[in-house]
file input.csv (CSV, C-alpha atoms)
chain,number,residue,atom,x,y,z
O,5,THR,CA,11.1,-13.3,-23.8
O,6,GLY,CA,8.8,-11.5,-26.1
O,7,LEU,CA,7.7,-7.9,-26.4
O,8,MET,CA,5.0,-6.8,-23.9
O,9,ASN,CA,2.5,-4.2,-25.0
O,10,ILE,CA,0.9,-2.1,-22.3
O,11,VAL,CA,-1.9,0.4,-22.6
O,12,ASP,CA,-2.3,3.0,-19.9
O,13,VAL,CA,-5.9,4.4,-19.7
O,14,LEU,CA,-5.5,7.9,-18.3
O,15,GLU,CA,-7.9,9.6,-16.0
O,16,GLY,CA,-6.7,13.1,-17.2
O,17,THR,CA,-4.3,14.8,-19.5
O,18,PRO,CA,-0.7,14.4,-18.3
O,19,GLN,CA,0.5,17.7,-16.9
O,20,PRO,CA,3.7,18.4,-15.1
O,21,TRP,CA,3.4,17.1,-11.5
O,22,SER,CA,0.1,15.4,-12.1
O,23,ALA,CA,-0.6,11.7,-11.3
O,24,SER,CA,-1.3,11.0,-14.9
O,25,GLU,CA,2.2,12.2,-15.8
O,26,TRP,CA,4.1,10.5,-12.9
O,27,ARG,CA,2.2,7.2,-12.7
O,28,CYS,CA,1.4,6.7,-16.4
O,29,ALA,CA,2.9,8.9,-19.1
O,30,ALA,CA,6.5,9.1,-17.7
O,31,PRO,CA,6.8,5.3,-17.2
O,32,ALA,CA,5.3,4.7,-20.7
O,33,ARG,CA,7.9,6.9,-22.3
O,34,VAL,CA,10.7,5.1,-20.5
O,35,ILE,CA,9.3,1.7,-21.4
O,36,GLN,CA,9.2,2.8,-25.0
O,37,ARG,CA,12.8,4.1,-24.9
O,38,THR,CA,14.1,0.7,-23.7
O,39,GLY,CA,13.1,-0.9,-27.0
O,40,VAL,CA,12.2,-4.0,-25.1
O,41,HIS,CA,8.5,-3.4,-24.6
O,42,ASP,CA,5.9,-1.0,-25.9
O,43,ALA,CA,3.5,1.3,-24.0
O,44,ALA,CA,0.7,3.5,-25.3
O,45,LEU,CA,-1.5,6.1,-23.6
O,46,LEU,CA,-5.3,6.2,-24.1
O,47,SER,CA,-7.8,8.6,-22.7
O,48,ILE,CA,-10.6,7.3,-20.5
O,49,SER,CA,-13.2,8.6,-22.9
O,50,GLU,CA,-11.6,6.8,-25.9
O,51,PHE,CA,-11.6,3.6,-23.7
O,52,ILE,CA,-15.2,3.9,-22.7
O,53,GLU,CA,-16.4,4.8,-26.2
O,54,ASN,CA,-14.4,1.9,-27.7
O,55,ALA,CA,-13.1,4.3,-30.2
O,56,PRO,CA,-11.2,2.8,-33.2
O,57,ARG,CA,-7.8,3.8,-31.7
O,58,ALA,CA,-8.9,2.2,-28.3
O,59,GLN,CA,-9.9,-1.0,-30.1
O,60,ARG,CA,-6.7,-1.2,-32.0
O,61,LEU,CA,-4.4,-0.5,-29.0
O,62,CYS,CA,-6.4,-2.8,-26.6
O,63,ASN,CA,-6.6,-5.7,-29.1
O,64,ALA,CA,-2.8,-5.6,-29.6
O,65,CYS,CA,-1.9,-5.2,-25.9
O,66,ASP,CA,-1.1,-7.7,-23.2
O,67,LEU,CA,-1.9,-5.5,-20.3
O,68,ILE,CA,-4.4,-2.6,-19.7
O,69,VAL,CA,-3.6,-0.3,-16.8
O,70,ILE,CA,-6.5,1.9,-15.8
O,71,GLN,CA,-5.7,5.0,-13.7
O,72,ASN,CA,-8.0,5.5,-10.8
O,73,HIS,CA,-11.3,5.2,-12.6
O,74,LEU,CA,-13.2,1.9,-11.7
O,75,PHE,CA,-16.8,2.9,-11.9
O,76,GLY,CA,-19.7,3.2,-14.4
O,77,PRO,CA,-19.0,2.1,-17.9
O,78,VAL,CA,-15.3,1.5,-17.2
O,79,LEU,CA,-16.4,-1.6,-15.3
O,80,GLU,CA,-18.2,-2.8,-18.4
O,81,LYS,CA,-15.1,-2.3,-20.5
O,82,VAL,CA,-13.0,-4.1,-17.9
O,83,GLN,CA,-15.3,-7.1,-18.3
O,84,HIS,CA,-15.2,-6.8,-22.1
O,85,TRP,CA,-11.4,-6.9,-22.3
O,86,LYS,CA,-11.0,-9.6,-19.7
O,87,ALA,CA,-13.4,-11.7,-21.7
O,88,LYS,CA,-11.0,-11.2,-24.6
O,89,GLY,CA,-8.1,-12.6,-22.5
O,90,LYS,CA,-6.5,-9.3,-21.6
O,91,ALA,CA,-4.9,-8.7,-18.2
O,92,VAL,CA,-6.4,-5.6,-16.6
O,93,ILE,CA,-5.0,-3.8,-13.5
O,94,VAL,CA,-5.9,-0.5,-11.9
O,95,ASP,CA,-3.4,2.1,-10.6
O,96,PHE,CA,-4.3,4.5,-7.9
O,97,ASP,CA,-2.5,6.8,-5.5
O,98,ALA,CA,-5.2,7.9,-3.1
O,99,SER,CA,-7.8,6.1,-1.2
O,100,PRO,CA,-11.1,5.4,-3.0
O,101,LEU,CA,-12.8,6.1,0.3
O,102,LEU,CA,-12.1,9.8,-0.4
O,103,LEU,CA,-14.1,9.7,-3.6
O,104,PRO,CA,-17.0,12.2,-3.6
O,105,LYS,CA,-20.5,10.8,-3.8
O,106,THR,CA,-20.6,12.2,-7.4
O,107,LEU,CA,-18.1,13.6,-9.7
O,108,LYS,CA,-17.5,17.3,-10.5
O,109,LYS,CA,-19.2,18.9,-13.5
O,110,GLY,CA,-17.3,18.1,-16.6
O,111,GLU,CA,-15.7,14.8,-15.3
O,112,PRO,CA,-16.8,11.6,-16.9
O,113,SER,CA,-19.4,10.0,-14.6
O,114,PRO,CA,-21.2,6.7,-14.6
O,115,ASP,CA,-24.4,8.4,-15.7
O,116,SER,CA,-23.0,10.6,-18.5
O,117,MET,CA,-20.7,8.1,-20.2
O,118,GLN,CA,-23.3,5.5,-21.0
O,119,PRO,CA,-26.5,6.0,-23.1
O,120,TRP,CA,-29.4,4.8,-21.0
O,121,HIS,CA,-32.4,3.4,-22.6
O,122,GLY,CA,-35.7,3.4,-20.8
O,123,ASP,CA,-36.8,5.1,-17.6
O,124,PHE,CA,-34.2,5.0,-15.0
O,125,SER,CA,-35.4,8.0,-13.0
O,126,ASN,CA,-35.8,6.0,-9.9
O,127,PHE,CA,-32.5,4.2,-10.3
O,128,ASN,CA,-29.8,5.1,-7.7
O,129,PRO,CA,-26.4,3.6,-8.7
O,130,PRO,CA,-24.1,2.4,-6.0
O,131,SER,CA,-21.7,5.1,-4.6
O,132,LEU,CA,-18.5,5.6,-6.5
O,133,ALA,CA,-16.6,4.0,-3.6
O,134,THR,CA,-18.8,0.9,-3.8
O,135,GLN,CA,-18.3,0.7,-7.5
O,136,PHE,CA,-14.6,1.0,-7.0
O,137,ARG,CA,-14.6,-1.9,-4.6
O,138,LEU,CA,-16.6,-4.0,-7.1
O,139,GLY,CA,-14.1,-3.0,-9.7
O,140,LEU,CA,-11.2,-4.2,-7.6
O,141,ARG,CA,-12.7,-7.6,-7.5
O,142,LEU,CA,-12.9,-7.6,-11.4
O,143,VAL,CA,-9.4,-6.6,-12.2
O,144,ASP,CA,-6.3,-8.9,-12.1
O,145,GLY,CA,-4.5,-6.6,-9.6
O,146,ALA,CA,-3.7,-3.1,-8.6
O,147,THR,CA,-0.6,-0.9,-8.2
O,148,VAL,CA,-0.7,1.8,-5.5
O,149,SER,CA,1.7,4.4,-4.3
O,150,THR,CA,2.1,3.4,-0.7
O,151,TYR,CA,2.2,0.3,1.5
O,152,PRO,CA,-0.6,1.6,3.8
O,153,LEU,CA,-2.8,1.9,0.7
O,154,ALA,CA,-1.9,-1.6,-0.4
O,155,ASN,CA,-2.7,-3.0,3.0
O,156,ASP,CA,-6.1,-1.2,3.1
O,157,TRP,CA,-7.2,-3.0,-0.1
O,158,GLN,CA,-5.3,-6.3,-0.1
O,159,GLY,CA,-8.4,-8.3,0.6
O,160,LEU,CA,-10.1,-7.3,-2.7
O,161,THR,CA,-7.3,-7.9,-5.3
O,162,ASN,CA,-3.6,-8.5,-5.6
O,163,MET,CA,-1.9,-5.3,-4.5
O,164,GLN,CA,1.6,-4.2,-5.5
O,165,VAL,CA,3.4,-1.0,-4.4
O,166,LEU,CA,4.8,1.2,-7.2
O,167,PRO,CA,6.1,4.5,-5.7
O,168,THR,CA,4.8,7.6,-7.5
O,169,PHE,CA,8.3,9.0,-8.2
O,170,ILE,CA,10.1,6.7,-10.6
O,171,ASP,CA,13.7,7.2,-11.4
O,172,THR,CA,13.6,7.0,-15.1
O,173,ASP,CA,17.3,6.7,-15.4
O,174,GLN,CA,17.1,3.2,-13.9
O,175,TYR,CA,14.8,2.1,-16.8
O,176,CYS,CA,17.3,3.3,-19.4
O,177,GLN,CA,19.9,0.9,-18.1
O,178,ILE,CA,17.7,-2.1,-19.1
O,179,THR,CA,18.6,-2.0,-22.7
O,180,ALA,CA,22.4,-1.8,-21.9
O,181,LEU,CA,22.1,-4.8,-19.6
O,182,GLU,CA,20.2,-6.8,-22.2
O,183,HIS,CA,22.9,-6.1,-24.8
O,184,GLN,CA,25.4,-7.7,-22.3
O,185,GLY,CA,23.2,-10.9,-22.2
O,186,VAL,CA,21.5,-10.2,-18.9
O,187,VAL,CA,17.8,-10.8,-19.0
O,188,ILE,CA,15.7,-8.9,-16.5

call {"tool": "encode", "arguments": {"input": "input.csv", "output": "C-alpha cells"}}
result
Amino acid sequence: TGLMNIVDVLEGTPQPWSASEWRCAAPARVIQRTGVHDAALLSISEFIENAPRAQRLCNACDLIVIQNHLFGPVLEKVQHWKAKGKAVIVDFDASPLLLPKTLKKGEPSPDSMQPWHGDFSNFNPPSLATQFRLGLRLVDGATVSTYPLANDWQGLTNMQVLPTFIDTDQYCQITALEHQGVVI
C-alpha cells in the first residue's frame, strides 16, 4: 500500500478541548507519527482563498476533510477539487439544523468570503442549513461523532461514525504492527 496524504480544513484554530483539536489536529498528529501516511492542517480561509500553501497541499493530497463548513465559497472549492479527482469529505459533530440563519460577526460567511461582482442587493442566498444539505450531496462522504447524527443525514451522503474522543495510543501501535509484517 502507498502513502496516503490527507488535508484537514479547519473551521477554527485548534485549542484544547475544541472540536478542531479533537476531530482534526490530534488525529493528524497521530497519523504523521505513524510514518505510514501524512496529514496536514489548513485554515478555512487559506482553503477558500486558494492560497499557495492550500494549492500545494491540496494538489498533493488524496483526501480533503472539511470540518463543519459546507456553505458559500467552500462549496465552490469542493467542486473545484473534486473536478481535479480529489476525494472530499466533511466532518461534523453537531446537527447542521442547529446552524444560525447567519454567522456571527468575524466568522467567515458565504457573503464575506467571495468577491461579488454586480448588484446582488436583492439576492437572498439559501439558508446555511440548506447550503449544508446541498454540500452533503457534493462530497464523497461524511464522518460524524454519533450514530443518531449519522442516521439523520444518511440519505444525503455516505455517513461514517468517528467518535470525537480518539485514543491516540491505538494509532501509535500501527507502525509496530507493520514492522511485524501485519498490514492494516

call {"tool": "residues_around", "arguments": {"input": "input.csv", "residues": "Leu79 of chain O", "least_positions_apart": "5", "cutoff": "9 Å", "atoms": "all atoms listed in the file", "output": "ChimeraX atom specification"}}
result
/O:73-74,84,135-136,138-139,142

call {"tool": "write_last_selection", "arguments": {"input": "input.csv", "atoms": "C-alpha atoms", "output": "PDB file, in the coordinates of the input"}}
result
ATOM      1  CA  HIS O  73     -11.300   5.200 -12.600  1.00  0.00           C
ATOM      2  CA  LEU O  74     -13.200   1.900 -11.700  1.00  0.00           C
ATOM      3  CA  HIS O  84     -15.200  -6.800 -22.100  1.00  0.00           C
ATOM      4  CA  GLN O 135     -18.300   0.700  -7.500  1.00  0.00           C
ATOM      5  CA  PHE O 136     -14.600   1.000  -7.000  1.00  0.00           C
ATOM      6  CA  LEU O 138     -16.600  -4.000  -7.100  1.00  0.00           C
ATOM      7  CA  GLY O 139     -14.100  -3.000  -9.700  1.00  0.00           C
ATOM      8  CA  LEU O 142     -12.900  -7.600 -11.400  1.00  0.00           C
TER       9      LEU O 142
END

call {"tool": "residues_near_point", "arguments": {"input": "input.csv", "point": "(-1.0, 3.4, -21.9)", "cutoff": "8 Å", "atoms": "all atoms listed in the file", "output": "number ranges by chain"}}
result
O: 10-14, 28-29, 32, 43-46, 68-69

call {"tool": "atom_distance", "arguments": {"input": "input.csv", "atom1": "atom CA of Thr147 of chain O", "atom2": "atom CA of Gly159 of chain O"}}
result
13.9 Å

call {"tool": "closest_residue", "arguments": {"input": "input.csv", "among": "O:Ser149, O:Asn9, O:Asn128, O:Thr168", "to": "Cys62 of chain O", "atoms": "all atoms listed in the file"}}
result
O:Asn9

call {"tool": "residues_around", "arguments": {"input": "input.csv", "residues": "Ala23 of chain O", "least_positions_apart": "6", "cutoff": "12 Å", "atoms": "all atoms listed in the file", "output": "number ranges by chain"}}
result
O: 14-17, 29-31, 71-72, 95-98, 148-149, 167-170

call {"tool": "closest_residue", "arguments": {"input": "input.csv", "among": "O:Leu132, O:Cys65, O:Val165, O:Leu160", "to": "Lys88 of chain O", "atoms": "only C-alpha atoms"}}
result
O:Cys65

call {"tool": "residues_around", "arguments": {"input": "input.csv", "residues": "Met8 of chain O", "least_positions_apart": "3", "cutoff": "10 Å", "atoms": "all atoms listed in the file", "output": "list in words"}}
result
Thr5, Ile35, Val40, His41, Asp42, Ala43, Ala64, Cys65, Asp66 and Leu67 of chain O

call {"tool": "closest_residue", "arguments": {"input": "input.csv", "among": "O:Val94, O:Arg137, O:Phe51, O:Ser99", "to": "Gln164 of chain O", "atoms": "all atoms listed in the file"}}
result
O:Val94

call {"tool": "atom_distance", "arguments": {"input": "input.csv", "atom1": "atom CA of Gln158 of chain O", "atom2": "atom CA of Leu140 of chain O"}}
result
9.8 Å

call {"tool": "atom_distance", "arguments": {"input": "input.csv", "atom1": "atom CA of Gly145 of chain O", "atom2": "atom CA of Ile93 of chain O"}}
result
4.8 Å

call {"tool": "closest_residue", "arguments": {"input": "input.csv", "among": "O:Lys81, O:Thr38, O:Gly76, O:Thr161", "to": "Ala55 of chain O", "atoms": "all atoms listed in the file"}}
result
O:Lys81

call {"tool": "closest_residue", "arguments": {"input": "input.csv", "among": "O:Ser24, O:Ser47, O:Asn54, O:Ser131", "to": "Phe75 of chain O", "atoms": "only C-alpha atoms"}}
result
O:Ser131

call {"tool": "closest_residue", "arguments": {"input": "input.csv", "among": "O:Lys90, O:Pro130, O:Val34, O:Leu166", "to": "Val143 of chain O", "atoms": "only C-alpha atoms"}}
result
O:Lys90

call {"tool": "decode", "arguments": {"input": "input.csv", "residues": "segment 23-158 of chain O", "atoms": "C-alpha atoms", "output": "PDB file, in the first residue's frame"}}
result
ATOM      1  CA  ALA O  23     -13.636  20.241  18.002  1.00  0.00           C
ATOM      2  CA  SER O  24     -10.797  21.403  15.738  1.00  0.00           C
ATOM      3  CA  GLU O  25      -8.315  19.869  18.161  1.00  0.00           C
ATOM      4  CA  TRP O  26     -10.093  16.584  18.868  1.00  0.00           C
ATOM      5  CA  ARG O  27     -11.524  15.860  15.426  1.00  0.00           C
ATOM      6  CA  CYS O  28      -8.734  17.204  13.173  1.00  0.00           C
ATOM      7  CA  ALA O  29      -5.453  18.297  14.749  1.00  0.00           C
ATOM      8  CA  ALA O  30      -4.949  15.379  17.186  1.00  0.00           C
ATOM      9  CA  PRO O  31      -5.715  12.692  14.579  1.00  0.00           C
ATOM     10  CA  ALA O  32      -3.446  14.477  12.069  1.00  0.00           C
ATOM     11  CA  ARG O  33      -0.549  14.462  14.547  1.00  0.00           C
ATOM     12  CA  VAL O  34      -1.042  10.772  15.227  1.00  0.00           C
ATOM     13  CA  ILE O  35      -1.270   9.940  11.522  1.00  0.00           C
ATOM     14  CA  GLN O  36       2.039  11.761  10.998  1.00  0.00           C
ATOM     15  CA  ARG O  37       3.689   9.913  13.904  1.00  0.00           C
ATOM     16  CA  THR O  38       2.923   6.519  12.364  1.00  0.00           C
ATOM     17  CA  GLY O  39       5.172   7.295   9.415  1.00  0.00           C
ATOM     18  CA  VAL O  40       2.715   5.372   7.240  1.00  0.00           C
ATOM     19  CA  HIS O  41       0.592   8.271   5.970  1.00  0.00           C
ATOM     20  CA  ASP O  42       0.788  12.064   6.052  1.00  0.00           C
ATOM     21  CA  ALA O  43      -1.693  14.681   7.257  1.00  0.00           C
ATOM     22  CA  ALA O  44      -1.646  18.474   7.121  1.00  0.00           C
ATOM     23  CA  LEU O  45      -3.838  21.185   8.606  1.00  0.00           C
ATOM     24  CA  LEU O  46      -5.176  24.069   6.568  1.00  0.00           C
ATOM     25  CA  SER O  47      -7.319  27.000   7.685  1.00  0.00           C
ATOM     26  CA  ILE O  48     -10.692  27.517   6.077  1.00  0.00           C
ATOM     27  CA  SER O  49      -9.592  30.960   4.843  1.00  0.00           C
ATOM     28  CA  GLU O  50      -6.467  29.524   3.136  1.00  0.00           C
ATOM     29  CA  PHE O  51      -8.680  26.904   1.502  1.00  0.00           C
ATOM     30  CA  ILE O  52     -11.256  29.415   0.263  1.00  0.00           C
ATOM     31  CA  GLU O  53      -8.657  31.913  -0.962  1.00  0.00           C
ATOM     32  CA  ASN O  54      -6.786  29.108  -2.744  1.00  0.00           C
ATOM     33  CA  ALA O  55      -3.601  30.405  -1.128  1.00  0.00           C
ATOM     34  CA  PRO O  56      -0.308  28.987  -2.465  1.00  0.00           C
ATOM     35  CA  ARG O  57       0.013  26.697   0.569  1.00  0.00           C
ATOM     36  CA  ALA O  58      -3.554  25.447   0.036  1.00  0.00           C
ATOM     37  CA  GLN O  59      -2.864  24.765  -3.639  1.00  0.00           C
ATOM     38  CA  ARG O  60       0.345  22.872  -2.810  1.00  0.00           C
ATOM     39  CA  LEU O  61      -1.225  20.760  -0.052  1.00  0.00           C
ATOM     40  CA  CYS O  62      -4.467  20.015  -1.892  1.00  0.00           C
ATOM     41  CA  ASN O  63      -2.704  19.181  -5.174  1.00  0.00           C
ATOM     42  CA  ALA O  64      -0.533  16.633  -3.337  1.00  0.00           C
ATOM     43  CA  CYS O  65      -3.288  15.097  -1.199  1.00  0.00           C
ATOM     44  CA  ASP O  66      -5.538  12.099  -1.727  1.00  0.00           C
ATOM     45  CA  LEU O  67      -8.272  13.197   0.679  1.00  0.00           C
ATOM     46  CA  ILE O  68      -9.578  16.589   1.796  1.00  0.00           C
ATOM     47  CA  VAL O  69     -11.518  16.627   5.074  1.00  0.00           C
ATOM     48  CA  ILE O  70     -13.526  19.792   5.691  1.00  0.00           C
ATOM     49  CA  GLN O  71     -14.588  20.484   9.247  1.00  0.00           C
ATOM     50  CA  ASN O  72     -18.224  21.607   9.568  1.00  0.00           C
ATOM     51  CA  HIS O  73     -18.150  24.310   6.913  1.00  0.00           C
ATOM     52  CA  LEU O  74     -20.184  23.366   3.824  1.00  0.00           C
ATOM     53  CA  PHE O  75     -21.572  26.644   2.578  1.00  0.00           C
ATOM     54  CA  GLY O  76     -20.750  29.651   0.448  1.00  0.00           C
ATOM     55  CA  PRO O  77     -17.408  29.593  -1.330  1.00  0.00           C
ATOM     56  CA  VAL O  78     -16.427  26.306   0.355  1.00  0.00           C
ATOM     57  CA  LEU O  79     -18.959  24.592  -1.917  1.00  0.00           C
ATOM     58  CA  GLU O  80     -17.209  26.110  -4.934  1.00  0.00           C
ATOM     59  CA  LYS O  81     -13.852  24.776  -3.695  1.00  0.00           C
ATOM     60  CA  VAL O  82     -15.357  21.322  -3.093  1.00  0.00           C
ATOM     61  CA  GLN O  83     -16.439  21.257  -6.751  1.00  0.00           C
ATOM     62  CA  HIS O  84     -13.019  22.529  -7.845  1.00  0.00           C
ATOM     63  CA  TRP O  85     -11.060  19.823  -6.024  1.00  0.00           C
ATOM     64  CA  LYS O  86     -13.481  17.043  -6.922  1.00  0.00           C
ATOM     65  CA  ALA O  87     -13.085  18.035 -10.588  1.00  0.00           C
ATOM     66  CA  LYS O  88      -9.344  17.519 -10.074  1.00  0.00           C
ATOM     67  CA  GLY O  89     -10.004  13.983  -8.846  1.00  0.00           C
ATOM     68  CA  LYS O  90      -9.670  14.598  -5.116  1.00  0.00           C
ATOM     69  CA  ALA O  91     -11.863  12.774  -2.601  1.00  0.00           C
ATOM     70  CA  VAL O  92     -13.604  15.270  -0.315  1.00  0.00           C
ATOM     71  CA  ILE O  93     -15.460  14.504   2.899  1.00  0.00           C
ATOM     72  CA  VAL O  94     -16.930  16.656   5.625  1.00  0.00           C
ATOM     73  CA  ASP O  95     -16.558  16.032   9.343  1.00  0.00           C
ATOM     74  CA  PHE O  96     -19.136  17.419  11.748  1.00  0.00           C
ATOM     75  CA  ASP O  97     -20.132  16.750  15.330  1.00  0.00           C
ATOM     76  CA  ALA O  98     -23.349  18.743  15.688  1.00  0.00           C
ATOM     77  CA  SER O  99     -26.512  18.887  13.648  1.00  0.00           C
ATOM     78  CA  PRO O 100     -26.437  21.407  10.797  1.00  0.00           C
ATOM     79  CA  LEU O 101     -30.094  22.052  11.661  1.00  0.00           C
ATOM     80  CA  LEU O 102     -28.761  23.978  14.660  1.00  0.00           C
ATOM     81  CA  LEU O 103     -26.908  26.422  12.406  1.00  0.00           C
ATOM     82  CA  PRO O 104     -27.914  30.052  12.849  1.00  0.00           C
ATOM     83  CA  LYS O 105     -29.539  31.790   9.909  1.00  0.00           C
ATOM     84  CA  THR O 106     -26.332  33.824   9.574  1.00  0.00           C
ATOM     85  CA  LEU O 107     -22.893  33.577  11.102  1.00  0.00           C
ATOM     86  CA  LYS O 108     -21.572  35.703  13.954  1.00  0.00           C
ATOM     87  CA  LYS O 109     -19.503  38.797  13.267  1.00  0.00           C
ATOM     88  CA  GLY O 110     -15.950  37.844  12.385  1.00  0.00           C
ATOM     89  CA  GLU O 111     -16.803  34.313  11.204  1.00  0.00           C
ATOM     90  CA  PRO O 112     -16.252  33.540   7.536  1.00  0.00           C
ATOM     91  CA  SER O 113     -19.619  33.791   5.822  1.00  0.00           C
ATOM     92  CA  PRO O 114     -20.873  32.969   2.354  1.00  0.00           C
ATOM     93  CA  ASP O 115     -21.142  36.703   1.631  1.00  0.00           C
ATOM     94  CA  SER O 116     -17.829  37.928   3.014  1.00  0.00           C
ATOM     95  CA  MET O 117     -15.575  35.207   1.625  1.00  0.00           C
ATOM     96  CA  GLN O 118     -16.355  35.733  -2.033  1.00  0.00           C
ATOM     97  CA  PRO O 119     -15.944  38.922  -4.032  1.00  0.00           C
ATOM     98  CA  TRP O 120     -19.288  39.695  -5.659  1.00  0.00           C
ATOM     99  CA  HIS O 121     -19.401  41.487  -8.975  1.00  0.00           C
ATOM    100  CA  GLY O 122     -22.539  43.326  -9.951  1.00  0.00           C
ATOM    101  CA  ASP O 123     -25.655  44.249  -8.000  1.00  0.00           C
ATOM    102  CA  PHE O 124     -26.751  41.426  -5.741  1.00  0.00           C
ATOM    103  CA  SER O 125     -28.662  43.609  -3.295  1.00  0.00           C
ATOM    104  CA  ASN O 126     -31.881  41.652  -3.940  1.00  0.00           C
ATOM    105  CA  PHE O 127     -30.179  38.249  -3.781  1.00  0.00           C
ATOM    106  CA  ASN O 128     -31.087  36.099  -0.781  1.00  0.00           C
ATOM    107  CA  PRO O 129     -28.768  33.106  -0.547  1.00  0.00           C
ATOM    108  CA  PRO O 130     -30.227  29.852   0.735  1.00  0.00           C
ATOM    109  CA  SER O 131     -30.040  29.364   4.496  1.00  0.00           C
ATOM    110  CA  LEU O 132     -26.839  27.889   5.905  1.00  0.00           C
ATOM    111  CA  ALA O 133     -28.679  24.629   6.695  1.00  0.00           C
ATOM    112  CA  THR O 134     -29.906  24.388   3.084  1.00  0.00           C
ATOM    113  CA  GLN O 135     -26.412  25.065   1.763  1.00  0.00           C
ATOM    114  CA  PHE O 136     -25.056  22.383   4.104  1.00  0.00           C
ATOM    115  CA  ARG O 137     -27.586  19.863   2.745  1.00  0.00           C
ATOM    116  CA  LEU O 138     -26.521  20.707  -0.803  1.00  0.00           C
ATOM    117  CA  GLY O 139     -22.894  20.349   0.251  1.00  0.00           C
ATOM    118  CA  LEU O 140     -23.553  16.878   1.648  1.00  0.00           C
ATOM    119  CA  ARG O 141     -24.724  15.842  -1.814  1.00  0.00           C
ATOM    120  CA  LEU O 142     -21.468  17.163  -3.327  1.00  0.00           C
ATOM    121  CA  VAL O 143     -18.986  15.456  -1.010  1.00  0.00           C
ATOM    122  CA  ASP O 144     -17.911  11.822  -1.176  1.00  0.00           C
ATOM    123  CA  GLY O 145     -18.999  11.156   2.394  1.00  0.00           C
ATOM    124  CA  ALA O 146     -19.107  12.427   5.940  1.00  0.00           C
ATOM    125  CA  THR O 147     -17.743  11.479   9.325  1.00  0.00           C
ATOM    126  CA  VAL O 148     -19.812  12.346  12.375  1.00  0.00           C
ATOM    127  CA  SER O 149     -19.444  11.905  16.106  1.00  0.00           C
ATOM    128  CA  THR O 150     -22.581   9.872  16.871  1.00  0.00           C
ATOM    129  CA  TYR O 151     -24.842   7.219  15.355  1.00  0.00           C
ATOM    130  CA  PRO O 152     -28.001   9.366  15.698  1.00  0.00           C
ATOM    131  CA  LEU O 153     -26.269  12.123  13.718  1.00  0.00           C
ATOM    132  CA  ALA O 154     -25.254   9.598  11.046  1.00  0.00           C
ATOM    133  CA  ASN O 155     -28.814   8.295  10.842  1.00  0.00           C
ATOM    134  CA  ASP O 156     -30.235  11.817  10.462  1.00  0.00           C
ATOM    135  CA  TRP O 157     -28.136  12.527   7.353  1.00  0.00           C
ATOM    136  CA  GLN O 158     -27.656   9.053   5.796  1.00  0.00           C
TER     137      GLN O 158
END
